[in-house]
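Engineer: My structure is stored as model-v8.txt, with compact mmCIF, C-alpha atoms and all ligand atoms.
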```txt
# COMPACT_ATOMS: atom_id res chain seq x y z
CA MET A 1 56.61 97.54 18.54
CA GLU A 2 55.67 94.35 20.40
CA SER A 3 58.19 93.52 23.12
CA ILE A 4 60.31 90.39 22.82
CA ARG A 5 59.94 87.83 25.63
CA THR A 6 63.11 86.15 26.79
CA ILE A 7 62.89 82.46 27.71
CA THR A 8 65.82 81.53 29.91
CA THR A 9 66.89 78.09 28.77
CA GLY A 10 69.21 75.34 30.00
CA PHE A 11 70.71 72.58 27.87
CA LEU A 12 71.40 69.08 29.12
CA GLY A 13 74.00 67.85 26.63
CA LEU A 14 75.98 69.47 23.84
CA GLY A 15 76.63 66.50 21.56
CA ASN A 16 75.46 66.38 17.95
CA ILE A 17 71.87 67.29 18.78
CA GLY A 18 72.64 69.91 21.45
CA ALA A 19 75.19 71.57 19.16
CA GLY A 20 72.71 71.44 16.26
CA VAL A 21 70.10 73.18 18.40
CA TRP A 22 72.59 75.82 19.48
CA ARG A 23 73.50 76.50 15.83
CA LEU A 24 69.87 76.66 14.69
CA ILE A 25 68.93 79.07 17.48
CA GLU A 26 71.87 81.27 16.49
CA GLN A 27 70.91 81.15 12.79
CA THR A 28 67.23 81.90 13.36
CA ARG A 29 67.41 84.26 16.33
CA GLY A 30 66.21 87.28 14.30
CA GLU A 31 63.34 85.52 12.53
CA ILE A 32 62.10 83.83 15.71
CA ALA A 33 62.11 87.13 17.57
CA ALA A 34 60.29 88.88 14.71
CA ARG A 35 57.74 86.12 14.05
CA GLU A 36 57.18 84.72 17.51
CA GLY A 37 58.16 87.60 19.80
CA VAL A 38 60.48 85.24 21.65
CA ARG A 39 64.19 85.03 22.29
CA PHE A 40 65.87 81.97 23.81
CA SER A 41 68.68 82.91 26.14
CA VAL A 42 70.77 79.86 27.03
CA LYS A 43 72.05 80.35 30.58
CA ARG A 44 73.71 76.99 31.39
CA VAL A 45 74.79 73.96 29.33
CA LEU A 46 75.51 70.61 31.00
CA VAL A 47 78.48 68.83 29.39
CA ARG A 48 80.74 65.95 30.36
CA ASP A 49 83.96 67.86 29.76
CA THR A 50 84.09 71.66 29.77
CA LEU A 51 87.53 71.66 28.11
CA LYS A 52 86.57 69.59 25.06
CA ARG A 53 87.03 71.35 21.69
CA ARG A 54 83.65 71.90 19.99
CA ASP A 55 82.58 73.24 16.64
CA VAL A 56 79.99 75.56 18.19
CA SER A 57 80.99 78.80 19.88
CA VAL A 58 79.32 78.36 23.26
CA PRO A 59 80.80 80.75 25.84
CA LYS A 60 82.96 78.71 28.26
CA PRO A 61 81.47 80.24 31.47
CA ILE A 62 78.01 78.82 30.77
CA LEU A 63 79.34 75.25 30.48
CA THR A 64 78.97 73.12 33.58
CA THR A 65 79.46 69.49 34.60
CA ASP A 66 76.91 69.80 37.42
CA ALA A 67 73.31 69.05 36.40
CA ASP A 68 72.06 71.05 39.40
CA ASP A 69 73.33 74.22 37.74
CA VAL A 70 70.56 73.68 35.17
CA LEU A 71 67.92 71.84 37.20
CA SER A 72 68.05 74.01 40.32
CA ASP A 73 68.40 77.40 38.69
CA PRO A 74 65.06 79.19 39.24
CA ASP A 75 65.69 81.53 36.28
CA ILE A 76 65.70 78.60 33.83
CA THR A 77 62.13 77.89 32.71
CA LEU A 78 62.87 75.71 29.67
CA VAL A 79 65.20 72.71 29.54
CA VAL A 80 66.40 71.06 26.33
CA GLU A 81 67.38 67.47 27.12
CA ALA A 82 69.79 66.07 24.53
CA LEU A 83 71.82 63.60 26.58
CA GLY A 84 70.43 60.38 25.14
CA GLY A 85 70.25 57.10 27.07
CA GLU A 86 67.71 56.20 29.71
CA GLN A 87 69.52 57.45 32.78
CA PRO A 88 70.33 59.94 34.11
CA ALA A 89 68.26 61.64 31.40
CA ALA A 90 64.87 60.37 32.64
CA ASP A 91 65.71 61.45 36.17
CA TYR A 92 66.77 64.91 34.99
CA ILE A 93 63.58 65.32 32.93
CA ARG A 94 61.49 64.32 35.95
CA ARG A 95 63.35 66.75 38.24
CA ALA A 96 62.99 69.59 35.75
CA LEU A 97 59.24 68.96 35.42
CA ILE A 98 58.74 68.73 39.20
CA SER A 99 60.37 72.11 39.61
CA GLY A 100 57.96 73.59 37.06
CA LYS A 101 60.35 73.84 34.14
CA SER A 102 59.18 72.85 30.69
CA VAL A 103 61.20 70.21 28.89
CA VAL A 104 61.90 69.49 25.24
CA THR A 105 63.50 66.10 24.77
CA ALA A 106 64.85 64.13 21.83
CA ASN A 107 65.15 61.06 24.04
CA LYS A 108 62.72 58.34 22.97
CA LEU A 109 64.30 55.74 25.24
CA ALA A 110 63.87 57.78 28.43
CA LEU A 111 60.38 58.79 27.35
CA ALA A 112 59.10 55.38 26.26
CA THR A 113 60.57 53.68 29.33
CA HIS A 114 59.24 56.25 31.82
CA TRP A 115 56.17 57.44 29.91
CA GLN A 116 53.58 57.32 32.65
CA GLU A 117 55.83 58.72 35.36
CA LEU A 118 56.97 61.64 33.19
CA LEU A 119 53.53 62.51 31.82
CA GLU A 120 51.99 62.33 35.29
CA THR A 121 54.76 64.52 36.69
CA ALA A 122 54.07 67.10 33.96
CA CYS A 123 50.32 66.94 34.65
CA VAL A 124 50.79 67.45 38.40
CA SER A 125 53.28 70.29 38.08
CA GLY A 126 51.50 71.90 35.12
CA SER A 127 54.74 72.10 33.16
CA CYS A 128 55.10 71.14 29.50
CA LEU A 129 56.79 68.05 28.11
CA TYR A 130 57.52 68.18 24.37
CA PHE A 131 59.14 65.38 22.40
CA GLU A 132 58.63 65.88 18.66
CA PRO A 133 62.39 65.42 18.01
CA GLY A 134 62.34 62.00 19.73
CA VAL A 135 60.22 60.39 17.02
CA CYS A 136 61.38 60.63 13.41
CA GLY A 137 63.57 63.74 13.76
CA ALA A 138 62.31 66.52 11.51
CA ILE A 139 59.01 64.86 10.58
CA PRO A 140 56.23 66.66 12.49
CA VAL A 141 54.27 63.48 13.17
CA ILE A 142 53.71 63.94 16.91
CA ARG A 143 52.10 67.32 16.39
CA ALA A 144 50.12 65.99 13.41
CA ILE A 145 48.62 63.23 15.56
CA THR A 146 47.97 65.36 18.64
CA ASP A 147 47.06 68.72 17.07
CA SER A 148 45.76 67.98 13.59
CA LEU A 149 44.02 64.60 13.74
CA GLN A 150 42.03 64.91 16.99
CA ALA A 151 38.75 64.28 15.19
CA ASN A 152 39.94 60.92 13.91
CA THR A 153 39.88 57.41 15.21
CA ILE A 154 43.25 56.21 14.00
CA GLU A 155 42.78 52.59 12.99
CA ARG A 156 46.31 51.62 11.99
CA LEU A 157 49.76 53.04 11.64
CA TYR A 158 52.86 51.77 9.85
CA GLY A 159 56.28 53.31 10.12
CA ILE A 160 59.77 53.07 8.76
CA ILE A 161 61.06 54.81 11.83
CA ASN A 162 64.70 53.81 12.06
CA GLY A 163 67.01 55.33 9.48
CA THR A 164 69.99 53.08 10.21
CA THR A 165 68.14 49.85 9.48
CA ASN A 166 66.41 51.39 6.48
CA TYR A 167 69.81 52.34 5.08
CA ILE A 168 71.17 48.81 5.66
CA LEU A 169 68.15 47.11 4.08
CA SER A 170 68.23 49.58 1.17
CA GLN A 171 71.89 48.71 0.57
CA MET A 172 71.01 45.02 0.62
CA SER A 173 68.28 45.77 -1.95
CA ALA A 174 70.42 48.07 -4.08
CA PRO A 175 70.74 45.74 -7.14
CA TYR A 176 66.98 46.07 -7.63
CA ALA A 177 66.68 49.84 -7.17
CA GLY A 178 64.12 51.36 -9.50
CA GLN A 179 62.95 47.95 -10.75
CA GLY A 180 59.67 46.16 -10.33
CA PRO A 181 59.55 42.50 -9.29
CA ALA A 182 62.55 40.56 -10.57
CA PRO A 183 61.58 37.95 -13.18
CA SER A 184 61.42 34.45 -11.77
CA ALA A 185 63.44 31.64 -13.31
CA GLY A 186 62.12 28.93 -11.04
CA GLY A 187 64.93 29.53 -8.59
CA LEU A 188 66.75 32.68 -7.67
CA SER A 189 67.27 34.79 -10.75
CA GLY A 190 69.58 37.73 -11.12
CA GLN A 191 72.25 38.86 -8.67
CA CYS A 192 71.93 39.14 -4.91
CA GLY A 193 72.73 42.29 -2.98
CA VAL A 194 75.38 42.83 -0.33
CA SER A 195 75.30 40.96 2.96
CA TYR A 196 73.93 42.40 6.18
CA ALA A 197 77.47 42.57 7.60
CA ASP A 198 78.81 44.53 4.61
CA ALA A 199 75.85 46.94 4.63
CA LEU A 200 76.27 47.51 8.37
CA PHE A 201 79.99 48.15 7.88
CA GLU A 202 79.20 50.78 5.23
CA ALA A 203 76.57 52.41 7.51
CA GLN A 204 79.16 52.59 10.29
CA ARG A 205 81.77 54.03 7.93
CA LEU A 206 79.30 56.79 6.97
CA GLY A 207 78.44 57.49 10.62
CA LEU A 208 74.83 56.33 10.12
CA ALA A 209 75.24 53.36 12.46
CA GLU A 210 76.78 53.52 15.92
CA PRO A 211 79.94 51.51 16.71
CA ASP A 212 77.57 49.39 18.85
CA PRO A 213 74.56 49.19 16.52
CA THR A 214 72.42 46.99 18.80
CA ALA A 215 69.68 49.51 19.61
CA ASP A 216 69.06 50.18 15.93
CA VAL A 217 69.55 46.76 14.33
CA GLU A 218 67.67 44.79 17.00
CA GLY A 219 64.66 47.10 16.71
CA GLY A 220 64.90 48.71 20.17
CA ASP A 221 65.03 52.28 18.85
CA ALA A 222 62.06 51.68 16.56
CA ALA A 223 60.13 50.00 19.39
CA CYS A 224 60.54 53.09 21.61
CA LYS A 225 59.24 55.30 18.82
CA LEU A 226 56.36 52.95 18.07
CA SER A 227 55.33 52.86 21.73
CA ILE A 228 55.10 56.67 21.70
CA LEU A 229 53.36 56.90 18.31
CA ALA A 230 50.83 54.18 19.10
CA THR A 231 50.11 55.66 22.52
CA LEU A 232 49.28 59.00 20.93
CA ALA A 233 47.42 57.50 17.97
CA PHE A 234 45.24 55.22 20.12
CA ARG A 235 45.04 57.62 23.09
CA ALA A 236 45.89 54.89 25.56
CA HIS A 237 49.28 53.82 26.82
CA VAL A 238 50.88 51.20 24.58
CA PRO A 239 53.75 50.12 26.85
CA LEU A 240 57.17 49.45 25.42
CA GLU A 241 57.34 46.07 27.16
CA GLY A 242 54.12 44.99 25.41
CA LEU A 243 55.64 45.37 21.94
CA PHE A 244 56.92 42.45 19.92
CA ARG A 245 60.23 43.21 18.29
CA ARG A 246 62.64 41.42 16.01
CA GLY A 247 65.69 43.02 14.40
CA ILE A 248 67.22 42.76 10.94
CA THR A 249 70.38 40.79 11.72
CA THR A 250 69.07 37.50 10.28
CA ILE A 251 68.03 38.95 6.93
CA THR A 252 70.13 37.54 4.09
CA PRO A 253 70.61 38.64 0.47
CA VAL A 254 68.70 35.46 -0.50
CA ASP A 255 65.61 36.61 1.47
CA VAL A 256 65.82 40.04 -0.15
CA ALA A 257 66.15 38.54 -3.63
CA TYR A 258 63.27 36.07 -3.20
CA GLY A 259 61.11 38.83 -1.75
CA ARG A 260 61.83 40.96 -4.79
CA GLU A 261 60.84 38.14 -7.13
CA LEU A 262 57.55 37.92 -5.28
CA GLY A 263 56.98 41.68 -5.64
CA TYR A 264 58.07 42.88 -2.20
CA ALA A 265 60.56 45.31 -0.68
CA ILE A 266 61.99 44.48 2.72
CA LYS A 267 61.62 47.05 5.51
CA LEU A 268 61.98 47.11 9.28
CA LEU A 269 58.34 48.01 9.73
CA ALA A 270 56.67 49.30 12.87
CA VAL A 271 53.04 48.18 12.86
CA ALA A 272 50.26 49.28 15.22
CA LYS A 273 46.62 48.36 14.71
CA ARG A 274 43.40 48.53 16.66
CA VAL A 275 41.89 45.07 16.88
CA GLY A 276 38.54 45.32 18.67
CA ASP A 277 39.31 46.77 22.09
CA LYS A 278 42.95 45.66 21.88
CA VAL A 279 46.01 46.99 20.11
CA GLU A 280 48.70 45.02 18.34
CA ALA A 281 52.09 46.68 18.13
CA ARG A 282 55.17 45.10 16.64
CA VAL A 283 58.47 45.93 14.97
CA HIS A 284 60.05 43.39 12.64
CA PRO A 285 61.46 42.89 9.15
CA THR A 286 58.49 42.91 6.79
CA PHE A 287 57.85 42.37 3.12
CA VAL A 288 55.89 45.36 1.81
CA PRO A 289 54.32 45.30 -1.68
CA LEU A 290 56.46 47.22 -4.16
CA SER A 291 53.36 49.15 -5.20
CA HIS A 292 52.96 50.68 -1.73
CA PRO A 293 54.50 54.14 -1.10
CA LEU A 294 56.40 52.78 1.94
CA ALA A 295 58.34 50.49 -0.41
CA SER A 296 59.97 53.55 -2.00
CA VAL A 297 61.23 55.01 1.28
CA ASN A 298 64.91 54.25 0.92
CA GLY A 299 68.27 55.09 2.47
CA SER A 300 68.20 56.65 5.91
CA LEU A 301 64.82 58.33 5.35
CA ASN A 302 61.82 57.71 7.61
CA ALA A 303 58.10 57.59 6.91
CA VAL A 304 54.91 57.13 8.89
CA TYR A 305 51.78 56.00 7.11
CA LEU A 306 48.47 56.02 8.98
CA TYR A 307 44.79 55.60 8.41
CA GLY A 308 42.18 57.66 10.28
CA HIS A 309 38.45 57.12 9.88
CA ALA A 310 37.87 60.69 8.70
CA CYS A 311 41.20 61.74 7.17
CA GLY A 312 41.77 58.44 5.33
CA GLU A 313 45.35 57.65 4.41
CA LEU A 314 48.18 60.01 5.31
CA MET A 315 51.90 59.58 4.86
CA PHE A 316 54.65 61.65 6.46
CA TYR A 317 58.11 61.35 4.96
CA GLY A 318 61.50 62.88 5.64
CA ARG A 319 64.68 62.92 7.67
CA GLY A 320 64.42 61.01 10.92
CA ALA A 321 67.89 61.71 12.26
CA GLY A 322 70.87 64.04 11.96
CA ASP A 323 71.74 67.16 13.90
CA ALA A 324 69.97 69.78 11.75
CA PRO A 325 66.73 67.78 11.12
CA THR A 326 66.48 66.92 14.82
CA ALA A 327 67.27 70.52 15.81
CA SER A 328 64.43 71.64 13.50
CA ALA A 329 61.99 69.68 15.70
CA VAL A 330 63.64 70.77 18.96
CA VAL A 331 63.41 74.46 18.12
CA SER A 332 59.82 74.02 16.95
CA ASP A 333 58.99 72.46 20.34
CA MET A 334 60.82 75.26 22.14
CA ILE A 335 58.62 77.76 20.29
CA ALA A 336 55.51 75.72 21.12
CA ALA A 337 56.53 75.75 24.79
CA ALA A 338 57.09 79.51 24.63
CA ARG A 339 53.70 80.06 22.96
CA SER A 340 51.97 78.12 25.74
CA GLY A 341 53.73 80.21 28.36
CA CYS A 342 55.54 77.00 29.32
CA ARG A 343 52.39 75.74 31.05
CA GLY A 344 50.02 72.86 30.44
CA GLY A 345 51.49 71.50 27.21
CA GLU A 346 51.02 67.91 28.30
CA ARG A 347 47.23 68.06 28.08
CA ALA A 348 47.28 66.81 24.49
CA TYR A 349 48.79 63.56 25.70
CA ARG A 350 46.24 62.66 28.37
CA MET A 351 45.42 58.99 28.06
CA THR A 352 42.57 56.73 28.99
CA GLY A 353 44.82 54.15 30.71
CA THR A 354 46.93 51.28 29.46
CA VAL A 355 45.63 49.35 26.51
CA ALA A 356 45.34 45.54 26.34
CA MET A 357 47.78 44.13 23.81
CA GLU A 358 46.84 41.60 21.12
CA THR A 359 49.84 39.28 20.92
CA ASP A 360 48.31 36.57 18.73
CA TRP A 361 47.93 38.62 15.59
CA VAL A 362 47.03 37.58 12.07
CA SER A 363 49.44 38.13 9.18
CA ARG A 364 50.75 36.58 6.02
CA TYR A 365 54.11 34.83 6.34
CA PHE A 366 57.05 34.15 4.04
CA ILE A 367 58.64 30.89 5.17
CA ARG A 368 61.97 29.84 3.67
CA LEU A 369 63.15 26.27 4.26
CA GLN A 370 65.89 23.92 3.12
CA ALA A 371 63.91 20.73 2.72
CA VAL A 372 65.31 17.21 2.50
CA ASP A 373 64.94 16.26 -1.18
CA GLN A 374 63.07 12.97 -0.76
CA PRO A 375 59.64 11.62 -1.68
CA GLY A 376 56.83 12.78 0.57
CA VAL A 377 58.74 15.64 2.28
CA LEU A 378 56.86 18.44 0.55
CA GLY A 379 53.55 16.73 1.26
CA ALA A 380 54.48 16.24 4.91
CA ILE A 381 55.40 19.91 5.37
CA ALA A 382 52.25 21.09 3.59
CA GLY A 383 50.26 18.67 5.77
CA ILE A 384 51.72 20.11 8.99
CA LEU A 385 50.87 23.66 7.90
CA GLY A 386 47.37 22.56 6.93
CA ARG A 387 46.74 20.75 10.21
CA HIS A 388 47.53 23.98 12.07
CA GLY A 389 45.12 25.98 9.91
CA VAL A 390 47.93 27.69 7.95
CA SER A 391 46.83 27.94 4.35
CA ILE A 392 49.46 28.17 1.60
CA ALA A 393 48.98 31.00 -0.91
CA SER A 394 52.02 30.21 -3.05
CA MET A 395 54.88 27.76 -3.03
CA ARG A 396 58.16 27.40 -4.88
CA GLN A 397 60.75 24.65 -4.81
CA THR A 398 64.09 24.23 -6.55
CA THR A 399 66.62 21.48 -6.09
CA GLY A 400 70.29 20.85 -5.43
CA ASP A 401 72.74 18.76 -3.34
CA GLY A 402 70.11 16.60 -1.64
CA ARG A 403 68.44 19.72 -0.25
CA ALA A 404 65.55 21.57 -1.82
CA PRO A 405 65.18 25.30 -1.19
CA LEU A 406 61.48 25.68 -0.48
CA LEU A 407 59.46 28.87 -0.17
CA PHE A 408 55.93 29.31 1.11
CA VAL A 409 53.87 32.46 1.29
CA THR A 410 50.82 31.86 3.45
CA HIS A 411 47.37 33.34 3.41
CA MET A 412 46.43 35.27 6.54
CA ALA A 413 47.34 33.03 9.46
CA ARG A 414 47.43 33.33 13.21
CA GLU A 415 50.87 33.79 14.78
CA SER A 416 50.34 30.99 17.31
CA ASP A 417 49.31 28.58 14.53
CA VAL A 418 52.37 29.40 12.45
CA ARG A 419 54.65 28.94 15.46
CA SER A 420 53.07 25.59 16.33
CA ALA A 421 53.37 24.38 12.75
CA LEU A 422 57.01 25.44 12.44
CA GLY A 423 57.72 23.76 15.77
CA GLU A 424 56.64 20.45 14.22
CA ILE A 425 58.89 20.69 11.18
CA ASP A 426 61.99 18.85 12.36
CA GLU A 427 65.35 18.19 10.75
CA SER A 428 64.14 15.00 9.09
CA LEU A 429 61.97 17.24 6.88
CA ALA A 430 63.66 20.64 6.61
CA ALA A 431 65.75 23.33 8.23
CA ILE A 432 63.81 26.57 8.72
CA GLU A 433 66.03 29.29 7.30
CA ASN A 434 63.87 32.36 7.78
CA VAL A 435 60.33 33.51 8.48
CA ILE A 436 59.37 37.05 7.45
CA TYR A 437 56.04 38.83 7.90
CA VAL A 438 54.26 39.95 4.75
CA GLU A 439 52.06 43.03 5.14
CA GLU A 440 49.66 43.10 2.21
CA GLY A 441 46.71 45.06 3.50
CA ILE A 442 48.44 48.32 4.37
N1 LIG B 1 69.41 55.88 15.34
C1 LIG B 1 68.16 56.41 14.88
C2 LIG B 1 67.91 55.98 13.45
C3 LIG B 1 68.07 57.91 14.93
O1 LIG B 1 68.75 55.32 12.86
O2 LIG B 1 66.86 56.31 12.95
C4 LIG B 1 67.70 58.40 16.27
O3 LIG B 1 66.52 57.82 16.69
```
Could you rewrite the structure in this file as structure tokens?
Ligand code: HSE
Structural biologist:
Amino acid sequence: MESIRTITTGFLGLGNIGAGVWRLIEQTRGEIAAREGVRFSVKRVLVRDTLKRRDVSVPKPILTTDADDVLSDPDITLVVEALGGEQPAADYIRRALISGKSVVTANKLALATHWQELLETACVSGSCLYFEPGVCGAIPVIRAITDSLQANTIERLYGIINGTTNYILSQMSAPYAGQGPAPSAGGLSGQCGVSYADALFEAQRLGLAEPDPTADVEGGDAACKLSILATLAFRAHVPLEGLFRRGITTITPVDVAYGRELGYAIKLLAVAKRVGDKVEARVHPTFVPLSHPLASVNGSLNAVYLYGHACGELMFYGRGAGDAPTASAVVSDMIAAARSGCRGGERAYRMTGTVAMETDWVSRYFIRLQAVDQPGVLGAIAGILGRHGVSIASMRQTTGDGRAPLLFVTHMARESDVRSALGEIDESLAAIENVIYVEEGI
């Protein structure tokens, strides 16, 4: 019988993800040994409090509050980083890699913020850095891009890559679930969904949103994931600081309802496209046509949709968070590290440098205004848009209380032109209530 190799492993963190990994290793120990010829022996686990009660049966003597017990132990060849946050996690990952240990991390913030430093450290030391669990939990999209799509030039990628915001926006869209576009009655027809604040409250009650939801609702979490995905897809570093990001906090039930009437679902969409020798990468609330598969990704689920020149369209769909789905990706990466002998796993991520970012992109725009209800106002606003080269594809106006709710959907227009035009619309004409990107050509 083939002998079983033991990989001596250290954990950094035993929160939801660390505990989920511990449980999954326990559950699958026999199968992994039989199928892969590998056994993971966890020697030390870094925790904040060794006395805390936990719902996993980790032997007390292996718990430690000293990171050096993991990072400086020469027996430990594989480190599972599940601390979260940028620091000290990034520093611990770097130290583990320098000392030749392989690392599996679920930490997109540490990775996206310190990408070049960590990848270079892995290259120099020859150790492996794996991070499938950091991007969309259980969905094997990192490995798909790096190990299954190498023959492709990936042209564009769209993702619903934050479950919390997708849950909130799905709740706000709940009255329309399973329906096509709502019929228009000239103004807003039908009922509106719940407010952002109520949907966030419900997400927090269910444990889907953090008590401080900033990283999710302002798009920071999705931006980290997009930086990593776009870097791998375009094989050049797409730095986090080069990404445009806008969160979902200004989305109102009125926007959701109007969007529905126009045939769109609202999503916090991560968008990355090649544009000549540049890349545009952005995260923002987006109207997606109801006919597109991304429009049906609801609740806390994630999806990544991409287009490669040879493979055509591909969509990956599933659970992007949660202890068991994330542990599924962690254990898969641990096995990948073991298969590679814990050496050289970073070679798939070698890049050609940092890419130039296109920041003046072209999109369609939904513009919602409260116009002053007086002669010539509509003409003046349309004139301003026209003078800036922003062409109107559709327009709707209703009336009430001296103010006229006014909606424009533009043809493809340049971001800088739209900004300049909106900058010229002052209070004597209208208040700008919201501007939302419309992604038609997915
Ligand atoms: N908070 C993230 C989400 C999960 O809501 O998708 C971890 O990235």
Engineer: Produce a table with one row for each residue of chain A that has an atom at most 6 Å from any atom of ligand LIG 1 (chain B), each row naming the nearest atom pair and its distance in Å at one decimal; use all atoms listed in the file; arrange rows by chain and rising residue number; format as CSV.
Structural biologist:
```
residue,atom,partner,partner_atom,distance
A:Asn162,CA,B:LIG1,O2,3.4
A:Gly163,CA,B:LIG1,O2,3.6
A:Thr164,CA,B:LIG1,O1,3.7
A:Asp216,CA,B:LIG1,N1,5.7
A:Gly320,CA,B:LIG1,O2,5.7
A:Ala321,CA,B:LIG1,C3,4.6
```
Engineer: Using C-alpha atoms, can you write the selected residues to a file as a compact mmCIF listing (two decimals), in the frame of the given file?
Structural biologist:
```
# COMPACT_ATOMS: atom_id res chain seq x y z
CA ASN A 162 64.70 53.81 12.06
CA GLY A 163 67.01 55.33 9.48
CA THR A 164 69.99 53.08 10.21
CA ASP A 216 69.06 50.18 15.93
CA GLY A 320 64.42 61.01 10.92
CA ALA A 321 67.89 61.71 12.26
```
Engineer: Check the smallest atom-to-atom distance from each of A:Ile145, A:Ile98, A:Ala90, A:Leu262 to Val438 in chain A using all atoms listed in the file, then report the winner.
Structural biologist: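 The shortest atom-to-atom distance to Val438 in chain A comes from A:Leu262.
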Engineer: With distances taken over only C-alpha atoms, which of A:Gln27, A:Ser195, A:Asn152, A:Thr50 is nearest to Thr250 in chain A?
Structural biologist: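 Going through A:Gln27, A:Ser195, A:Asn152, A:Thr50 one by one, the smallest distance to Thr250 in chain A is for A:Ser195.
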Engineer: Of the residues A:Lys60, A:Arg387, A:Lys225, A:Arg48, which is the one nearest to Thr113 in chain A, using only C-alpha atoms?
Structural biologist: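 Of the candidates, the smallest distance to Thr113 in chain A is held by A:Lys225.
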Engineer: Rank A:Val418, A:Ile161, A:Met172, A:Tyr264 by their smallest atom-to-atom distance to Tyr317 in chain A, using only C-alpha atoms, and report the top residue only.
Structural biologist: A:Ile161
Engineer: Rounded to one decimal place, report the CA of Gly137 in chain A-CA of Asp323 in chain A distance in Å.
Structural biologist: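 Distance between the two atoms: 8.9 Å.
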Engineer: By how many Å are CA of Thr359 in chain A and CA of Ile381 in chain A apart?
Structural biologist: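 Answer for the CA of Thr359 in chain A to CA of Ile381 in chain A separation: 25.5 Å.
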Engineer: Skipping near chain neighbours, those fewer than 6 positions away, what residues fall within 12 Å of Leu119 in chain A using all atoms listed in the file, listed as a list in words?
Structural biologist: Ala90, Ile93, Arg94, Leu97, Ile98, Ser102, Val103, Ala110, Leu111, Ala112, Thr113, Ser125, Gly126, Ser127, Cys128, Leu129, Tyr130, Phe131, Ile228, His237, Gly344, Gly345, Glu346, Arg347, Ala348, Tyr349, Arg350 and Met351 of chain A
Engineer: Point out the residue among A:Ala222, A:Ala89, A:Leu314, A:Val238 with the least atom-to-atom distance to Cys136 in chain A, counting only C-alpha atoms.
Structural biologist: A:Ala222
Engineer: Record the distance separating CA of Met357 in chain A and CA of Val279 in chain A, expressed in Å with one decimal.
Structural biologist: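 Spanning CA of Met357 in chain A to CA of Val279 in chain A is a straight-line distance of 5.0 Å.
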Engineer: Go through A:Thr410, A:Thr9, A:Asn302, A:Ser227 and flag the residue nearest Tyr167 in chain A, using only C-alpha atoms for the distances.
Structural biologist: A:Asn302
Engineer: Please provide the set of residues having any atom within 12 Å of Arg319 in chain A, restricted to all atoms listed in the file, with same-chain residues fewer than 6 positions apart removed, written as a list in words.
Structural biologist: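 My list of contacting residues is Pro133, Val135, Cys136, Gly137, Ala138, Ile139, Pro140, Val141, Ile160, Ile161, Asn162, Gly163, Thr164, Asn166, Val297, Asn298, Gly299, Ser300, Leu301, Asn302, Ala303, Val304, Pro325, Thr326, Ala327, Ser328 and Ala329 of chain A.
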Engineer: As JSON, what would the box around range 271-289 of chain A look like: edges along x, y and z, 4 Å added on every side, centre and edge lengths in Å to one decimal?
Structural biologist:
```
{"center_x": 50.0, "center_y": 45.8, "center_z": 10.2, "size_x": 30.9, "size_y": 14.9, "size_z": 31.8}
```
Engineer: If we count all atoms listed in the file and set the cut-off at 8 Å, which residues sit around range 391-405 of chain A, ignoring sequence neighbours fewer than 3 positions away in its own chain? Please answer as a list in words.
Structural biologist: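 Returned residues: Gly186, Gly187, Arg368, Leu369, Gln370, Ala371, Val372, Asp373, Gln374, Ala382, Leu385, Gly386, Phe408, Val409, Thr410, His411, Met412 and Ala413 of chain A.
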Engineer: Could you give me, as a count of residues only, the residues within 12 Å of Val271 in chain A, counting all atoms listed in the file and dropping anything in the same chain fewer than 2 positions from it?
Structural biologist: 42
Engineer: Sorted by chain and rising residue number, list the residues of range 329-403 of chain A at most 9 Å from range 71-84 of chain A (counting all atoms listed in the file), each with its closest atom pair and distance in Å to one decimal, as a tab-separated table.
Structural biologist:
```
residue	atom	partner	partner_atom	distance
A:Val330	CA	A:Val80	CA	7.9
A:Met334	CA	A:Leu78	CA	7.8
A:Ala337	CA	A:Leu78	CA	8.0
A:Ala338	CA	A:Leu78	CA	8.6
A:Cys342	CA	A:Leu78	CA	7.5
```
Engineer: Take the point (74.0, 72.7, 11.8) in the file's coordinates, draw a sphere of radius 7 Å around it, and report as a PDB file with C-alpha atoms, in the coordinates of the input every protein, DNA or RNA residue with an atom inside or on it, counting all atoms listed in the file.
Structural biologist:
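Saved as out_14.pdb:
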```pdb
ATOM      1  CA  GLY A  20      72.710  71.440  16.260  1.00  0.00           C
ATOM      2  CA  ARG A  23      73.500  76.500  15.830  1.00  0.00           C
ATOM      3  CA  LEU A  24      69.870  76.660  14.690  1.00  0.00           C
ATOM      4  CA  ASP A 323      71.740  67.160  13.900  1.00  0.00           C
ATOM      5  CA  ALA A 324      69.970  69.780  11.750  1.00  0.00           C
TER       6      ALA A 324
END
```
